[in-house]
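S.K.: I am attaching a structure below and will ask some questions about it afterwards.
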Amino acid sequence: MCYSCDPPTFRRLPILQFSVLGSGSKGNCVYIENSNHRILLDAGLSLRSLKERMALIGRDLADVSAVFLTHEHSDHIKGVGMLAKKHNLPLYGTRGTLAKIEHHLPASADWHSIEREDEVCLGNLKVESYPTPHDGVESVAFVVHYEDRRLGHATDLGCIDKTLLEKMSGCDALLVESNHDPKMLKAGPYPWSLKQRVGGDRGHLSNQECAQLLNQVKHDELQTVVLMHLSGVNNHPDIVRQHATPALAGSRAQLHISRQDHPTPLIPLI
Ligand SMILES: [Zn+2]
Ligand SMILES: [Zn+2]
């Protein structure tokens, strides 16, 4: 076959793939790859779990070329110390995050400080950070760009602000927090102060807020939505789906719900 005869409009498939390796209050990690780079957003699972989850999607943790951290809460950094020790790969995060997690890192850690609004280019894969309303010291989330595709990531945020709407608009994939059902949170076992924290403007997005966000930013080209950071105590995947499905009405996007104990399949963006 003469590949050189392919018309110039030929597009290889897929151009970007990702998997949520695990998500919830016990640990969060997203794996993203293009043909040249393999990165993690957060490393909130133990090194052993990270290795196992990567193997489940047919990938090797040793091939990851960088880790981007959102903030210092343990469900986002649990594995980063061992990861830095064993694999000594570049770590990217804000100075505020570094100040809080430095004691978990080996002296040799290859740390790169980023601003809350910043861009890091690994070849032609661009990782853009943006500030999130959360009770971390200097928390961020990310938009990953490759060619003309964009993957919008938004977890650990207490409310929908202008920046979030702007960053999530026009993305081809959305990885968004759908943390709790407000009724379950209110009636649940958490102490009052924790209920206030989770439900507050610097806590976590409820199912309703997530649905509102999806409804506002959905568009014809949206391919995939993965709902993340579900509370194991104050939420249930069925309730999450009940809110997200009507919010995405009219969109062709595939809806996935991430799990705490198992990775999603590798999801292609075409
Ligand atoms: Zn957090
Ligand atoms: Zn979290």
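By convention here, the chains of the structure tokens are called A, B, ... in the order presented, each chain's residues are numbered starting at 1, and ligands are numbered starting at 1 in the order presented.
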Neighbours of ligand 1 within 12 Å, counting only C-alpha atoms and all ligand atoms, as a VMD selection string?
M.R.: chain A and resid 23 to 28 42 44 69 to 77 97 132 to 141 154 to 158 177 179 197 to 198 202 to 205 229
S.K.: Find the spatial neighbours of Glu209 in chain A, counting only C-alpha atoms, within a cut-off of 12 Å - ignore same-chain residues fewer than 3 positions away - and output them as a PyMOL selection string.
M.R.: chain A and resi 157-161+176-182+199-201+204-206+212-216+240+243-244+247
S.K.: For the residues in the current selection, export N, CA and C atoms as an mmCIF file, in the first residue's frame.
M.R.:
data_model
loop_
_atom_site.group_PDB
_atom_site.id
_atom_site.type_symbol
_atom_site.label_atom_id
_atom_site.label_comp_id
_atom_site.auth_asym_id
_atom_site.auth_seq_id
_atom_site.Cartn_x
_atom_site.Cartn_y
_atom_site.Cartn_z
ATOM 1 N N LEU A 157 -12.824 21.755 43.626
ATOM 2 C CA LEU A 157 -13.221 23.156 43.524
ATOM 3 C C LEU A 157 -14.596 23.317 44.165
ATOM 4 N N GLY A 158 -14.741 24.407 44.907
ATOM 5 C CA GLY A 158 -15.943 24.577 45.703
ATOM 6 C C GLY A 158 -17.079 25.263 44.979
ATOM 7 N N CYS A 159 -16.780 25.899 43.861
ATOM 8 C CA CYS A 159 -17.840 26.601 43.134
ATOM 9 C C CYS A 159 -17.421 26.787 41.681
ATOM 10 N N ILE A 160 -18.393 27.174 40.878
ATOM 11 C CA ILE A 160 -18.125 27.438 39.460
ATOM 12 C C ILE A 160 -17.802 28.924 39.342
ATOM 13 N N ASP A 161 -16.592 29.246 38.945
ATOM 14 C CA ASP A 161 -16.266 30.666 38.753
ATOM 15 C C ASP A 161 -16.009 30.934 37.262
ATOM 16 N N VAL A 176 -14.348 16.082 35.202
ATOM 17 C CA VAL A 176 -14.908 17.061 36.135
ATOM 18 C C VAL A 176 -15.374 16.391 37.424
ATOM 19 N N GLU A 177 -15.178 17.107 38.504
ATOM 20 C CA GLU A 177 -15.608 16.607 39.817
ATOM 21 C C GLU A 177 -17.135 16.599 39.955
ATOM 22 N N SER A 178 -17.657 15.484 40.474
ATOM 23 C CA SER A 178 -19.073 15.408 40.861
ATOM 24 C C SER A 178 -19.049 14.764 42.244
ATOM 25 N N ASN A 179 -18.720 15.557 43.250
ATOM 26 C CA ASN A 179 -18.274 15.022 44.540
ATOM 27 C C ASN A 179 -19.369 14.470 45.433
ATOM 28 N N HIS A 180 -20.452 15.244 45.598
ATOM 29 C CA HIS A 180 -21.417 14.811 46.626
ATOM 30 C C HIS A 180 -22.846 15.176 46.253
ATOM 31 N N ASP A 181 -23.757 14.442 46.905
ATOM 32 C CA ASP A 181 -25.166 14.770 46.857
ATOM 33 C C ASP A 181 -25.450 15.602 48.119
ATOM 34 N N PRO A 182 -25.899 16.842 47.978
ATOM 35 C CA PRO A 182 -26.038 17.708 49.151
ATOM 36 C C PRO A 182 -26.933 17.123 50.247
ATOM 37 N N GLY A 199 -19.118 21.264 51.480
ATOM 38 C CA GLY A 199 -20.183 21.944 50.742
ATOM 39 C C GLY A 199 -19.899 23.417 50.477
ATOM 40 N N GLY A 200 -18.813 23.947 51.045
ATOM 41 C CA GLY A 200 -18.528 25.384 50.934
ATOM 42 C C GLY A 200 -17.907 25.783 49.601
ATOM 43 N N ASP A 201 -17.699 27.080 49.441
ATOM 44 C CA ASP A 201 -17.201 27.627 48.180
ATOM 45 C C ASP A 201 -15.731 27.293 47.890
ATOM 46 N N HIS A 204 -15.848 21.232 47.546
ATOM 47 C CA HIS A 204 -15.981 20.337 46.390
ATOM 48 C C HIS A 204 -17.291 20.576 45.644
ATOM 49 N N LEU A 205 -17.299 20.301 44.348
ATOM 50 C CA LEU A 205 -18.503 20.485 43.522
ATOM 51 C C LEU A 205 -19.529 19.382 43.795
ATOM 52 N N SER A 206 -20.768 19.776 44.018
ATOM 53 C CA SER A 206 -21.855 18.801 44.185
ATOM 54 C C SER A 206 -22.272 18.263 42.809
ATOM 55 N N GLN A 212 -24.697 21.586 36.322
ATOM 56 C CA GLN A 212 -24.834 22.973 35.847
ATOM 57 C C GLN A 212 -23.644 23.363 34.962
ATOM 58 N N LEU A 213 -22.448 22.971 35.402
ATOM 59 C CA LEU A 213 -21.246 23.267 34.618
ATOM 60 C C LEU A 213 -21.307 22.565 33.257
ATOM 61 N N LEU A 214 -21.640 21.268 33.274
ATOM 62 C CA LEU A 214 -21.692 20.509 32.014
ATOM 63 C C LEU A 214 -22.699 21.138 31.058
ATOM 64 N N ASN A 215 -23.840 21.508 31.621
ATOM 65 C CA ASN A 215 -24.883 22.097 30.800
ATOM 66 C C ASN A 215 -24.424 23.413 30.157
ATOM 67 N N GLN A 216 -23.627 24.160 30.888
ATOM 68 C CA GLN A 216 -23.171 25.453 30.370
ATOM 69 C C GLN A 216 -22.064 25.326 29.333
ATOM 70 N N VAL A 240 -25.178 10.315 40.557
ATOM 71 C CA VAL A 240 -24.297 11.128 39.705
ATOM 72 C C VAL A 240 -24.805 11.093 38.257
ATOM 73 N N HIS A 243 -27.987 13.070 37.431
ATOM 74 C CA HIS A 243 -27.826 14.513 37.240
ATOM 75 C C HIS A 243 -27.097 14.848 35.945
ATOM 76 N N ALA A 244 -26.055 14.053 35.653
ATOM 77 C CA ALA A 244 -25.212 14.402 34.503
ATOM 78 C C ALA A 244 -25.904 14.114 33.169
ATOM 79 N N ALA A 247 -28.130 16.819 31.940
ATOM 80 C CA ALA A 247 -27.305 18.021 31.705
ATOM 81 C C ALA A 247 -26.603 17.943 30.363
#
S.K.: Check the DSSP output for the backbone and give back, as JSON, numbers by chain, the residues of range 24-258 of chain A in strand (DSSP E).
M.R.: {"A": [29, 30, 31, 32, 33, 38, 39, 40, 41, 66, 67, 68, 91, 92, 93, 94, 111, 112, 113, 114, 118, 119, 120, 121, 122, 125, 126, 127, 128, 129, 130, 131, 140, 141, 142, 143, 144, 145, 146, 149, 150, 151, 152, 153, 154, 173, 174, 175, 176, 177, 224, 225, 226, 227, 228, 254, 255, 256, 257]}
S.K.: When you count only C-alpha atoms and all ligand atoms, which of these residues is closest to ligand 2: A:Lys78, A:Arg53, A:His262, A:Lys162?
M.R.: A:Lys78
